file run.cif (mmCIF, C-alpha atoms and all ligand atoms)
data_model
loop_
_atom_site.label_atom_id
_atom_site.label_comp_id
_atom_site.auth_asym_id
_atom_site.auth_seq_id
_atom_site.Cartn_x
_atom_site.Cartn_y
_atom_site.Cartn_z
CA MET A 3 -98.13 122.21 -210.68
CA VAL A 4 -96.75 125.42 -212.09
CA PHE A 5 -93.76 124.93 -214.30
CA LYS A 6 -90.90 127.12 -213.30
CA ARG A 7 -88.41 127.07 -216.12
CA PRO A 8 -84.83 126.74 -214.90
CA GLU A 9 -82.50 129.50 -215.99
CA ARG A 10 -81.52 127.67 -219.13
CA ILE A 11 -82.03 124.00 -219.82
CA PRO A 12 -78.78 122.15 -220.51
CA VAL A 13 -78.52 120.16 -223.70
CA SER A 14 -75.99 117.37 -224.18
CA ILE A 15 -75.14 116.02 -227.59
CA LEU A 16 -74.12 112.39 -227.87
CA THR A 17 -72.06 111.71 -230.95
CA GLY A 18 -69.68 109.00 -232.16
CA PHE A 19 -69.14 106.87 -235.25
CA LEU A 20 -71.51 104.11 -236.37
CA GLY A 21 -71.68 101.35 -233.81
CA SER A 22 -69.42 103.06 -231.29
CA GLY A 23 -71.92 102.57 -228.47
CA LYS A 24 -74.04 105.74 -228.36
CA THR A 25 -77.36 104.00 -227.77
CA THR A 26 -75.75 101.73 -225.18
CA LEU A 27 -74.44 104.78 -223.34
CA LEU A 28 -77.76 106.58 -223.67
CA ASN A 29 -79.50 103.63 -222.06
CA GLU A 30 -76.97 103.60 -219.23
CA ILE A 31 -77.60 107.28 -218.63
CA LEU A 32 -81.38 106.83 -218.66
CA MET A 33 -81.21 103.87 -216.30
CA ASN A 34 -78.85 105.47 -213.83
CA GLU A 35 -79.60 109.15 -213.84
CA GLN A 36 -82.18 109.41 -211.09
CA GLU A 37 -82.00 113.07 -210.30
CA GLU A 38 -82.80 114.59 -213.63
CA ARG A 39 -85.69 114.11 -215.98
CA ILE A 40 -84.29 113.84 -219.46
CA ALA A 41 -85.99 114.47 -222.78
CA VAL A 42 -84.28 112.48 -225.52
CA ILE A 43 -84.06 113.45 -229.16
CA VAL A 44 -82.74 110.84 -231.55
CA ASN A 45 -81.50 112.05 -234.93
CA GLU A 46 -81.77 109.17 -237.33
CA PHE A 47 -80.41 108.62 -240.76
CA GLY A 48 -83.19 107.64 -243.12
CA LYS A 49 -86.90 107.91 -243.13
CA THR A 50 -87.78 105.03 -240.86
CA GLY A 51 -85.89 105.28 -237.68
CA ILE A 52 -85.18 102.25 -235.61
CA ASP A 53 -82.80 103.75 -233.11
CA HIS A 54 -85.55 105.00 -230.86
CA GLN A 55 -86.81 101.44 -230.59
CA LEU A 56 -83.45 100.38 -229.23
CA VAL A 57 -83.58 102.97 -226.50
CA ILE A 58 -84.92 101.38 -223.34
CA SER A 59 -88.51 101.94 -222.67
CA SER A 60 -88.42 104.39 -219.85
CA GLU A 61 -90.15 107.30 -218.28
CA GLU A 62 -88.34 109.54 -220.71
CA ASP A 63 -89.89 110.79 -223.89
CA ILE A 64 -88.10 109.96 -227.06
CA TYR A 65 -88.40 112.27 -230.04
CA GLU A 66 -87.17 111.29 -233.42
CA LEU A 67 -85.63 113.48 -236.06
CA ASN A 68 -85.54 111.48 -239.26
CA ASN A 69 -84.27 112.55 -242.60
CA GLY A 70 -80.53 112.62 -242.77
CA CYS A 71 -77.90 114.23 -240.70
CA LEU A 72 -75.97 117.06 -242.20
CA CYS A 73 -78.49 119.36 -243.75
CA CYS A 74 -80.28 122.45 -242.58
CA LYS A 75 -83.53 120.49 -242.58
CA VAL A 76 -82.41 118.67 -239.48
CA ARG A 77 -81.41 121.89 -237.81
CA THR A 78 -84.85 123.32 -238.47
CA ASP A 79 -86.49 120.12 -237.24
CA LEU A 80 -84.36 120.18 -234.13
CA ILE A 81 -85.13 123.79 -233.36
CA ASN A 82 -88.85 123.17 -233.89
CA THR A 83 -88.76 120.12 -231.63
CA LEU A 84 -86.99 122.05 -228.89
CA TYR A 85 -89.54 124.86 -229.07
CA ALA A 86 -92.44 122.42 -229.17
CA LEU A 87 -91.11 120.63 -226.10
CA ILE A 88 -90.89 123.73 -223.97
CA GLN A 89 -94.22 124.99 -225.21
CA ALA A 90 -95.89 121.72 -224.27
CA VAL A 91 -94.42 121.97 -220.79
CA GLU A 92 -95.53 125.55 -220.37
CA GLU A 93 -99.03 124.72 -221.50
CA GLY A 94 -99.14 121.90 -218.98
CA GLY A 95 -99.37 119.09 -221.53
CA HIS A 96 -95.94 117.68 -220.86
CA THR A 97 -94.03 116.85 -217.70
CA PRO A 98 -91.21 119.31 -217.07
CA PHE A 99 -87.73 118.10 -217.89
CA ASP A 100 -84.32 119.15 -216.64
CA ARG A 101 -82.14 118.27 -219.58
CA VAL A 102 -82.21 117.34 -223.23
CA LEU A 103 -80.00 114.61 -224.64
CA ILE A 104 -79.60 114.45 -228.40
CA GLU A 105 -78.19 111.29 -229.97
CA THR A 106 -76.81 112.05 -233.42
CA THR A 107 -76.44 109.58 -236.24
CA GLY A 108 -73.12 107.79 -236.47
CA LEU A 109 -72.27 109.67 -239.64
CA ALA A 110 -73.13 113.11 -238.37
CA GLU A 111 -70.77 115.94 -237.96
CA PRO A 112 -72.08 117.55 -234.79
CA ALA A 113 -71.67 121.09 -236.17
CA PRO A 114 -75.22 121.78 -237.42
CA ILE A 115 -76.72 120.48 -234.21
CA ALA A 116 -74.34 122.41 -231.97
CA GLN A 117 -74.77 125.52 -234.10
CA SER A 118 -78.50 125.60 -233.44
CA PHE A 119 -77.72 126.88 -229.96
CA PHE A 120 -75.77 129.84 -231.29
CA PHE A 121 -77.85 130.38 -234.38
CA ASP A 122 -81.19 131.15 -232.84
CA PRO A 123 -81.04 133.84 -230.14
CA GLU A 124 -84.45 133.01 -228.73
CA LEU A 125 -83.64 129.32 -228.49
CA SER A 126 -80.38 130.04 -226.74
CA GLU A 127 -82.27 131.92 -224.06
CA ILE A 128 -84.15 128.74 -223.24
CA TYR A 129 -81.47 126.11 -223.80
CA HIS A 130 -77.74 126.06 -223.55
CA LEU A 131 -75.25 123.68 -225.02
CA ASP A 132 -73.83 121.86 -222.03
CA THR A 133 -71.61 119.06 -223.28
CA ILE A 134 -70.70 117.31 -226.48
CA ILE A 135 -69.94 113.70 -225.64
CA THR A 136 -68.10 111.67 -228.28
CA VAL A 137 -68.19 107.90 -227.94
CA ILE A 138 -65.18 106.07 -229.34
CA ASP A 139 -65.07 102.41 -230.27
CA CYS A 140 -61.55 101.60 -229.03
CA TYR A 141 -61.43 98.42 -231.05
CA HIS A 142 -62.23 99.96 -234.43
CA PHE A 143 -60.89 103.48 -233.90
CA PRO A 144 -57.33 102.97 -235.25
CA LYS A 145 -58.75 101.80 -238.59
CA GLN A 146 -61.80 104.06 -238.70
CA MET A 147 -59.86 107.24 -238.16
CA HIS A 148 -57.97 106.65 -241.42
CA GLU A 149 -60.99 105.56 -243.40
CA HIS A 150 -63.70 107.98 -242.30
CA GLU A 151 -62.99 111.63 -241.79
CA GLU A 152 -66.13 111.91 -239.62
CA VAL A 153 -64.33 110.04 -236.84
CA LEU A 154 -61.71 112.72 -236.19
CA LYS A 155 -64.23 115.47 -236.82
CA GLN A 156 -66.47 114.04 -234.13
CA ALA A 157 -63.39 113.88 -231.91
CA ALA A 158 -62.70 117.54 -232.59
CA PHE A 159 -66.08 118.55 -231.16
CA ALA A 160 -65.87 116.59 -227.93
CA ASP A 161 -65.94 118.10 -224.49
CA HIS A 162 -65.87 114.62 -223.14
CA PHE A 163 -64.67 111.36 -224.70
CA ILE A 164 -66.09 108.01 -223.74
CA LEU A 165 -63.58 105.37 -224.75
CA ASN A 166 -65.94 102.45 -225.15
CA LYS A 167 -65.37 98.75 -225.89
CA THR A 168 -62.28 98.57 -223.71
CA ASP A 169 -63.18 94.92 -223.11
CA LEU A 170 -62.00 94.19 -226.65
CA VAL A 171 -58.54 95.78 -226.46
CA SER A 172 -55.51 95.88 -224.19
CA GLU A 173 -54.81 98.69 -221.74
CA GLU A 174 -51.92 99.74 -223.91
CA ASP A 175 -54.23 100.08 -226.90
CA VAL A 176 -56.64 102.20 -224.87
CA LYS A 177 -53.72 104.48 -223.98
CA LYS A 178 -52.79 104.78 -227.66
CA VAL A 179 -56.35 105.71 -228.59
CA SER A 180 -56.47 108.21 -225.76
CA ASN A 181 -53.18 109.84 -226.81
CA ARG A 182 -54.37 110.10 -230.36
CA LEU A 183 -57.60 111.76 -229.30
CA LEU A 184 -55.84 114.19 -227.01
CA ALA A 185 -53.59 115.16 -229.90
CA VAL A 186 -56.69 116.20 -231.78
CA ASN A 187 -58.51 117.72 -228.83
CA PRO A 188 -56.29 118.28 -225.81
CA GLY A 189 -58.87 120.03 -223.66
CA ALA A 190 -61.40 117.21 -223.57
CA GLN A 191 -62.08 115.02 -220.56
CA ILE A 192 -61.73 111.25 -220.98
CA GLN A 193 -63.50 108.33 -219.38
CA SER A 194 -63.01 104.75 -220.47
CA GLY A 195 -65.07 101.64 -219.94
CA SER A 196 -67.26 99.17 -221.70
CA HIS A 197 -70.95 98.98 -222.49
CA GLY A 198 -71.35 102.61 -221.58
CA SER A 199 -70.40 102.10 -217.95
CA VAL A 200 -69.25 105.56 -216.99
CA VAL A 201 -69.59 108.00 -214.13
CA ILE A 202 -72.61 109.89 -215.30
CA LYS A 203 -72.35 112.78 -212.91
CA ASP A 204 -68.94 113.56 -214.42
CA LEU A 205 -70.48 113.54 -217.87
CA LEU A 206 -73.36 115.93 -217.62
CA ASN A 207 -73.32 119.57 -216.57
CA LYS A 208 -69.89 120.11 -217.96
CA PHE A 209 -70.18 123.48 -219.57
CA SER A 210 -66.92 124.38 -217.92
CA PHE A 211 -66.85 127.93 -219.22
CA ASP A 212 -70.05 128.77 -217.47
CA LEU A 213 -69.47 126.81 -214.36
CA HIS A 214 -65.84 126.77 -213.47
CA GLU A 215 -64.05 128.87 -216.00
CA LYS A 216 -60.96 126.98 -215.21
CA ARG A 217 -57.91 126.85 -217.39
CA LEU A 218 -58.87 125.50 -220.74
CA ILE A 219 -55.77 123.47 -221.32
CA GLU A 220 -52.99 122.50 -218.97
CA PRO A 221 -49.62 123.96 -220.01
CA SER A 222 -48.18 120.45 -220.44
CA GLU A 223 -50.69 119.88 -223.22
CA LEU A 224 -49.90 123.03 -225.11
CA ASN A 225 -47.58 121.46 -227.62
CA SER A 226 -49.77 118.57 -228.58
CA HIS A 227 -50.99 120.44 -231.61
CA HIS A 228 -47.82 119.30 -233.38
CA LEU A 229 -48.92 115.67 -233.27
CA ASP A 230 -51.64 115.63 -235.85
CA PRO A 231 -51.05 116.92 -239.33
CA ASP A 232 -54.65 117.36 -240.30
CA ILE A 233 -57.23 118.06 -237.61
CA THR A 234 -55.47 119.82 -234.78
CA ALA A 235 -56.02 121.92 -231.71
CA ILE A 236 -54.19 125.16 -231.23
CA VAL A 237 -54.17 127.22 -228.07
CA LEU A 238 -53.71 130.96 -228.35
CA THR A 239 -52.69 132.74 -225.18
CA SER A 240 -51.97 136.23 -224.01
CA GLU A 241 -50.92 137.55 -220.61
CA ASN A 242 -51.98 141.07 -221.59
CA ASP A 243 -55.49 142.46 -221.59
CA MET A 244 -57.24 142.47 -224.94
CA ASP A 245 -58.68 145.47 -226.69
CA MET A 246 -62.21 144.15 -227.26
CA THR A 247 -62.89 146.38 -230.24
CA ALA A 248 -59.78 145.08 -231.95
CA PHE A 249 -60.55 141.52 -230.90
CA GLU A 250 -64.10 141.61 -232.20
CA LYS A 251 -62.96 143.05 -235.50
CA TRP A 252 -60.25 140.43 -235.85
CA PHE A 253 -62.49 137.59 -234.77
CA GLY A 254 -65.15 138.66 -237.28
CA ARG A 255 -62.54 138.59 -239.99
CA ILE A 256 -61.08 135.20 -239.12
CA ILE A 257 -64.44 133.46 -238.92
CA ASP A 258 -65.26 134.96 -242.30
CA GLU A 259 -62.01 133.76 -243.79
CA LYS A 260 -61.31 130.58 -241.82
CA GLY A 261 -64.61 129.65 -240.21
CA GLU A 262 -64.94 126.58 -242.39
CA GLN A 263 -61.68 125.23 -240.99
CA MET A 264 -62.56 126.12 -237.40
CA TYR A 265 -64.72 123.22 -236.25
CA ARG A 266 -64.96 124.24 -232.65
CA TYR A 267 -63.47 126.95 -230.46
CA LYS A 268 -63.76 128.07 -226.90
CA GLY A 269 -62.21 131.01 -225.19
CA ILE A 270 -61.84 133.05 -222.07
CA ILE A 271 -60.75 136.59 -222.76
CA SER A 272 -59.29 139.06 -220.34
CA ALA A 273 -60.71 142.28 -221.78
CA ALA A 274 -59.27 145.68 -220.90
CA GLY A 275 -61.72 147.64 -218.77
CA PHE A 276 -63.81 144.58 -217.82
CA GLU A 277 -63.75 143.11 -214.35
CA LYS A 278 -65.37 139.93 -215.60
CA ARG A 279 -64.12 137.25 -217.91
CA ILE A 280 -65.56 137.22 -221.39
CA VAL A 281 -66.40 133.60 -222.19
CA PHE A 282 -67.41 132.28 -225.55
CA GLN A 283 -67.63 129.18 -227.66
CA GLY A 284 -68.54 128.59 -231.25
CA VAL A 285 -68.79 126.21 -234.16
CA HIS A 286 -67.58 127.35 -237.58
CA MET A 287 -69.07 130.80 -238.20
CA LEU A 288 -71.55 130.79 -235.35
CA PHE A 289 -70.66 131.59 -231.79
CA ALA A 290 -72.05 132.92 -228.54
CA GLY A 291 -70.31 134.89 -225.83
CA LYS A 292 -71.14 136.50 -222.54
CA ALA A 293 -69.67 137.94 -219.36
CA GLY A 294 -68.47 135.27 -216.95
CA SER A 295 -67.30 135.43 -213.36
CA PRO A 296 -65.01 138.24 -212.14
CA TRP A 297 -61.25 137.77 -212.17
CA LYS A 298 -60.05 137.15 -208.63
CA THR A 299 -56.74 138.97 -208.84
CA ARG A 300 -54.95 141.09 -211.37
CA GLY A 301 -52.30 138.36 -211.69
CA SER A 302 -54.83 135.69 -212.58
CA ARG A 303 -55.95 137.51 -215.73
CA LYS A 304 -55.05 135.70 -218.90
CA SER A 305 -56.69 135.10 -222.26
CA GLU A 306 -56.87 131.60 -223.67
CA PHE A 307 -58.47 130.66 -226.91
CA VAL A 308 -58.60 127.04 -228.08
CA ILE A 309 -59.39 126.34 -231.70
CA ILE A 310 -59.90 122.83 -233.03
CA GLY A 311 -60.00 122.47 -236.76
CA LYS A 312 -58.32 121.58 -240.00
CA ASP A 313 -54.96 122.89 -241.21
CA LEU A 314 -54.66 125.59 -238.57
CA ASP A 315 -51.42 127.52 -238.69
CA TYR A 316 -50.60 128.11 -235.04
CA GLU A 317 -47.89 130.75 -235.64
CA TRP A 318 -50.22 132.79 -237.82
CA PHE A 319 -53.18 132.62 -235.44
CA GLN A 320 -51.05 133.41 -232.39
CA SER A 321 -49.38 136.42 -234.01
CA GLN A 322 -52.80 137.71 -235.10
CA PHE A 323 -54.21 137.16 -231.63
CA LYS A 324 -51.39 139.22 -230.12
CA THR A 325 -52.27 142.17 -232.34
CA CYS A 326 -55.56 142.46 -230.39
CA GLU A 327 -53.76 143.22 -227.13
CA LYS A 328 -54.45 146.62 -225.63
CA SER A 329 -51.40 148.79 -226.12
CA LYS A 330 -49.91 149.99 -222.85
N1 LIG G 1 -67.90 94.27 -226.80
C1 LIG G 1 -68.57 95.39 -226.62
N2 LIG G 1 -69.66 95.65 -227.37
C2 LIG G 1 -70.33 96.80 -227.16
C3 LIG G 1 -69.90 97.75 -226.20
N3 LIG G 1 -70.75 98.81 -226.23
C4 LIG G 1 -71.66 98.53 -227.17
N4 LIG G 1 -71.41 97.34 -227.74
C5 LIG G 1 -72.16 96.69 -228.83
O1 LIG G 1 -71.86 97.40 -230.04
C6 LIG G 1 -73.00 97.42 -230.89
C7 LIG G 1 -73.35 98.86 -231.25
O2 LIG G 1 -73.75 99.54 -230.07
P1 LIG G 1 -74.77 100.76 -230.11
O3 LIG G 1 -74.91 101.27 -228.74
O4 LIG G 1 -76.00 100.38 -230.86
O5 LIG G 1 -73.93 101.75 -231.01
P2 LIG G 1 -74.41 103.13 -231.70
O6 LIG G 1 -73.24 104.03 -231.66
O7 LIG G 1 -75.67 103.61 -231.08
O8 LIG G 1 -74.68 102.61 -233.16
P3 LIG G 1 -75.34 103.43 -234.42
O9 LIG G 1 -76.66 103.95 -233.94
O10 LIG G 1 -75.45 102.40 -235.47
O11 LIG G 1 -74.39 104.47 -234.82
C8 LIG G 1 -74.11 96.72 -230.12
O12 LIG G 1 -74.15 95.40 -230.55
C9 LIG G 1 -73.65 96.78 -228.67
O13 LIG G 1 -74.15 95.73 -227.88
C10 LIG G 1 -68.73 97.45 -225.42
O14 LIG G 1 -68.27 98.23 -224.58
N5 LIG G 1 -68.11 96.27 -225.69
#
call {"tool": "encode", "arguments": {"input": "run.cif", "output": "structure tokens", "more": "lines below"}}
Ligand SMILES: Nc1nc2c(ncn2[C@@H]2O[C@H](COP(=O)(O)OP(=O)(O)OP(=O)(O)O)[C@@H](O)[C@H]2O)c(=O)[nH]1
result
Amino acid sequence: MVFKRPERIPVSILTGFLGSGKTTLLNEILMNEQEERIAVIVNEFGKTGIDHQLVISSEEDIYELNNGCLCCKVRTDLINTLYALIQAVEEGGHTPFDRVLIETTGLAEPAPIAQSFFFDPELSEIYHLDTIITVIDCYHFPKQMHEHEEVLKQAAFADHFILNKTDLVSEEDVKKVSNRLLAVNPGAQIQSGSHGSVVIKDLLNKFSFDLHEKRLIEPSELNSHHLDPDITAIVLTSENDMDMTAFEKWFGRIIDEKGEQMYRYKGIISAAGFEKRIVFQGVHMLFAGKAGSPWKTRGSRKSEFVIIGKDLDYEWFQSQFKTCEKSK
């Protein structure tokens, strides 16, 4: 059989604090996802991994990345593993796969892993970051979020939250957790359940900028950035076309100056002189952008730029963003 590589292979990152239910969810996905063949990469903390042994024995191949979670070493290991996987398929020594799922350690900040897909241009031609799924332990979350800064950081990166362990808390408590998470990251989708029982088709293939390019945030959610004093989401908007030269210059400057604070950002820009949307997403200083689908009507054109990070001054960012508008 000749391997025909799909346009780009989607990669989903599964993150969440220690014990939140990542492996449980991974097993649910592997047991129930019949249509796709998934290659799994487990990033373990420590030299001898045990997590891969907890993943159900399945048709899938499990690759382990040992040796810590936050350093560049893991990023290099990850990139090498991703290259090795595709090479093995192309040389016929490995069954083709449709998706990669990476389970991070419970203490990991997802940034270095997500950044790999912006960092290495060759790699990002083969793979694309599809979804970051953050699993939340609803029972422990209220305490954990005060005690471990990783918990809210992992929340900041999510495209999709899985509110797990709902069997241990009341509906009202689940609502409180959900409100808290949406205050940090208002654009994310939410599913709740227990033991990883979720609708998997709603979880994968969620790179909404590529696929749907829908509104990033509903207007009713726009003010939620006031709710959290520390890690927050801000949404910059403009009804006027942007001057891309000015925007690129400004964007280069802010990621230089404030990239450390900007955990994750995603944007759709209406650029003067372009019939297509410019879509981009990034993590700290690294980002990737490209032309998206054409705007349907003149009236539908609008730029939206969501930034999730620490101590973001909305008024400052919004006024700066406006200076990139094309003068009429
Ligand atoms: N009550 C309850 N327990 C759960 C649920 N989901 C997972 N667990 C249990 O929680 C524990 C941790 O689950 P894992 O799936 O190993 O969590 P993890 O996030 O992979 O853990 P680490 O790899 O240590 O970070 C296990 O004992 C699970 O059986 C749930 O929805 N409800």
call {"tool": "residues_near_ligand", "arguments": {"input": "run.cif", "ligand": "ligand LIG 1 (chain G)", "cutoff": "9 Å", "atoms": "all atoms listed in the file", "output": "JSON, numbers by chain"}}
result
{"A": [17, 18, 19, 20, 21, 22, 23, 24, 25, 26, 27, 28, 29, 46, 52, 53, 56, 105, 106, 107, 108, 109, 137, 138, 139, 140, 141, 165, 166, 167, 168, 169, 170, 195, 196, 197, 198, 199]}
call {"tool": "residues_around", "arguments": {"input": "run.cif", "residues": "A:Glu127", "least_positions_apart": "5", "cutoff": "10 Å", "atoms": "all atoms listed in the file", "output": "PyMOL selection string"}}
result
chain A and resi 9-11+119-120+122
call {"tool": "write_last_selection", "arguments": {"input": "run.cif", "atoms": "C-alpha atoms", "output": "compact mmCIF listing (two decimals), in the coordinates of the input"}}
result
# COMPACT_ATOMS: atom_id res chain seq x y z
CA GLU A 9 -82.50 129.50 -215.99
CA ARG A 10 -81.52 127.67 -219.13
CA ILE A 11 -82.03 124.00 -219.82
CA PHE A 119 -77.72 126.88 -229.96
CA PHE A 120 -75.77 129.84 -231.29
CA ASP A 122 -81.19 131.15 -232.84
call {"tool": "closest_residue", "arguments": {"input": "run.cif", "among": "A:Ile15, A:Val179, A:Ile270, A:Ala293", "to": "A:Gln156", "atoms": "only C-alpha atoms"}}
result
A:Ile15
call {"tool": "atom_distance", "arguments": {"input": "run.cif", "atom1": "atom CA of A:Glu124", "atom2": "atom CA of A:Ile202"}}
result
29.2 Å
call {"tool": "residues_around", "arguments": {"input": "run.cif", "residues": "A:Leu87", "least_positions_apart": "3", "cutoff": "12 Å", "atoms": "all atoms listed in the file", "output": "mmCIF file with C-alpha atoms, keeping the file's coordinate frame"}}
result
data_model
loop_
_atom_site.group_PDB
_atom_site.id
_atom_site.type_symbol
_atom_site.label_atom_id
_atom_site.label_comp_id
_atom_site.auth_asym_id
_atom_site.auth_seq_id
_atom_site.Cartn_x
_atom_site.Cartn_y
_atom_site.Cartn_z
ATOM 1 C CA ILE A 11 -82.030 124.000 -219.820
ATOM 2 C CA ILE A 40 -84.290 113.840 -219.460
ATOM 3 C CA ALA A 41 -85.990 114.470 -222.780
ATOM 4 C CA VAL A 42 -84.280 112.480 -225.520
ATOM 5 C CA ILE A 43 -84.060 113.450 -229.160
ATOM 6 C CA ASP A 63 -89.890 110.790 -223.890
ATOM 7 C CA ILE A 64 -88.100 109.960 -227.060
ATOM 8 C CA TYR A 65 -88.400 112.270 -230.040
ATOM 9 C CA LEU A 80 -84.360 120.180 -234.130
ATOM 10 C CA ILE A 81 -85.130 123.790 -233.360
ATOM 11 C CA ASN A 82 -88.850 123.170 -233.890
ATOM 12 C CA THR A 83 -88.760 120.120 -231.630
ATOM 13 C CA LEU A 84 -86.990 122.050 -228.890
ATOM 14 C CA ALA A 90 -95.890 121.720 -224.270
ATOM 15 C CA VAL A 91 -94.420 121.970 -220.790
ATOM 16 C CA GLU A 92 -95.530 125.550 -220.370
ATOM 17 C CA GLU A 93 -99.030 124.720 -221.500
ATOM 18 C CA GLY A 94 -99.140 121.900 -218.980
ATOM 19 C CA GLY A 95 -99.370 119.090 -221.530
ATOM 20 C CA HIS A 96 -95.940 117.680 -220.860
ATOM 21 C CA THR A 97 -94.030 116.850 -217.700
ATOM 22 C CA PRO A 98 -91.210 119.310 -217.070
ATOM 23 C CA PHE A 99 -87.730 118.100 -217.890
ATOM 24 C CA ASP A 100 -84.320 119.150 -216.640
ATOM 25 C CA ARG A 101 -82.140 118.270 -219.580
ATOM 26 C CA VAL A 102 -82.210 117.340 -223.230
ATOM 27 C CA LEU A 125 -83.640 129.320 -228.490
ATOM 28 C CA ILE A 128 -84.150 128.740 -223.240
ATOM 29 C CA TYR A 129 -81.470 126.110 -223.800
#
call {"tool": "closest_residue", "arguments": {"input": "run.cif", "among": "A:Glu277, A:Gly269, A:Ser329, A:Asp232", "to": "A:Leu314", "atoms": "all atoms listed in the file"}}
result
A:Asp232
call {"tool": "closest_residue", "arguments": {"input": "run.cif", "among": "A:Val153, A:Pro114, A:Pro12, A:Leu206", "to": "A:Ile31", "atoms": "all atoms listed in the file"}}
result
A:Leu206
call {"tool": "residues_around", "arguments": {"input": "run.cif", "residues": "stretch 235-240 of chain A", "least_positions_apart": "2", "cutoff": "7 Å", "atoms": "all atoms listed in the file", "output": "mmCIF file with C-alpha atoms, keeping the file's coordinate frame"}}
result
data_model
loop_
_atom_site.group_PDB
_atom_site.id
_atom_site.type_symbol
_atom_site.label_atom_id
_atom_site.label_comp_id
_atom_site.auth_asym_id
_atom_site.auth_seq_id
_atom_site.Cartn_x
_atom_site.Cartn_y
_atom_site.Cartn_z
ATOM 1 C CA VAL A 186 -56.690 116.200 -231.780
ATOM 2 C CA ASN A 187 -58.510 117.720 -228.830
ATOM 3 C CA PRO A 188 -56.290 118.280 -225.810
ATOM 4 C CA LEU A 224 -49.900 123.030 -225.110
ATOM 5 C CA HIS A 227 -50.990 120.440 -231.610
ATOM 6 C CA ASN A 242 -51.980 141.070 -221.590
ATOM 7 C CA LYS A 304 -55.050 135.700 -218.900
ATOM 8 C CA SER A 305 -56.690 135.100 -222.260
ATOM 9 C CA GLU A 306 -56.870 131.600 -223.670
ATOM 10 C CA PHE A 307 -58.470 130.660 -226.910
ATOM 11 C CA VAL A 308 -58.600 127.040 -228.080
ATOM 12 C CA ILE A 309 -59.390 126.340 -231.700
ATOM 13 C CA ILE A 310 -59.900 122.830 -233.030
ATOM 14 C CA GLY A 311 -60.000 122.470 -236.760
ATOM 15 C CA TYR A 316 -50.600 128.110 -235.040
ATOM 16 C CA GLN A 320 -51.050 133.410 -232.390
ATOM 17 C CA LYS A 324 -51.390 139.220 -230.120
#
call {"tool": "residues_near_point", "arguments": {"input": "run.cif", "point": "(-67.6, 113.7, -224.9)", "cutoff": "10 Å", "atoms": "only C-alpha atoms", "output": "NGL selection string"}}
result
:A and (14-18 or 133-138 or 156-165 or 190-193 or 205-206 or 208)
call {"tool": "atom_distance", "arguments": {"input": "run.cif", "atom1": "atom CA of A:Leu288", "atom2": "atom CA of A:Gln117"}}
result
6.3 Å
call {"tool": "closest_residue", "arguments": {"input": "run.cif", "among": "A:Lys292, A:His148, A:Lys203, A:Lys155", "to": "A:Ala273", "atoms": "only C-alpha atoms"}}
result
A:Lys292
call {"tool": "atom_distance", "arguments": {"input": "run.cif", "atom1": "atom CA of A:Ala110", "atom2": "atom CA of A:Asp204"}}
result
24.3 Å
call {"tool": "closest_residue", "arguments": {"input": "run.cif", "among": "A:Val44, A:Asp175, A:Val200, A:Asn181", "to": "A:Glu30", "atoms": "all atoms listed in the file"}}
result
A:Val200
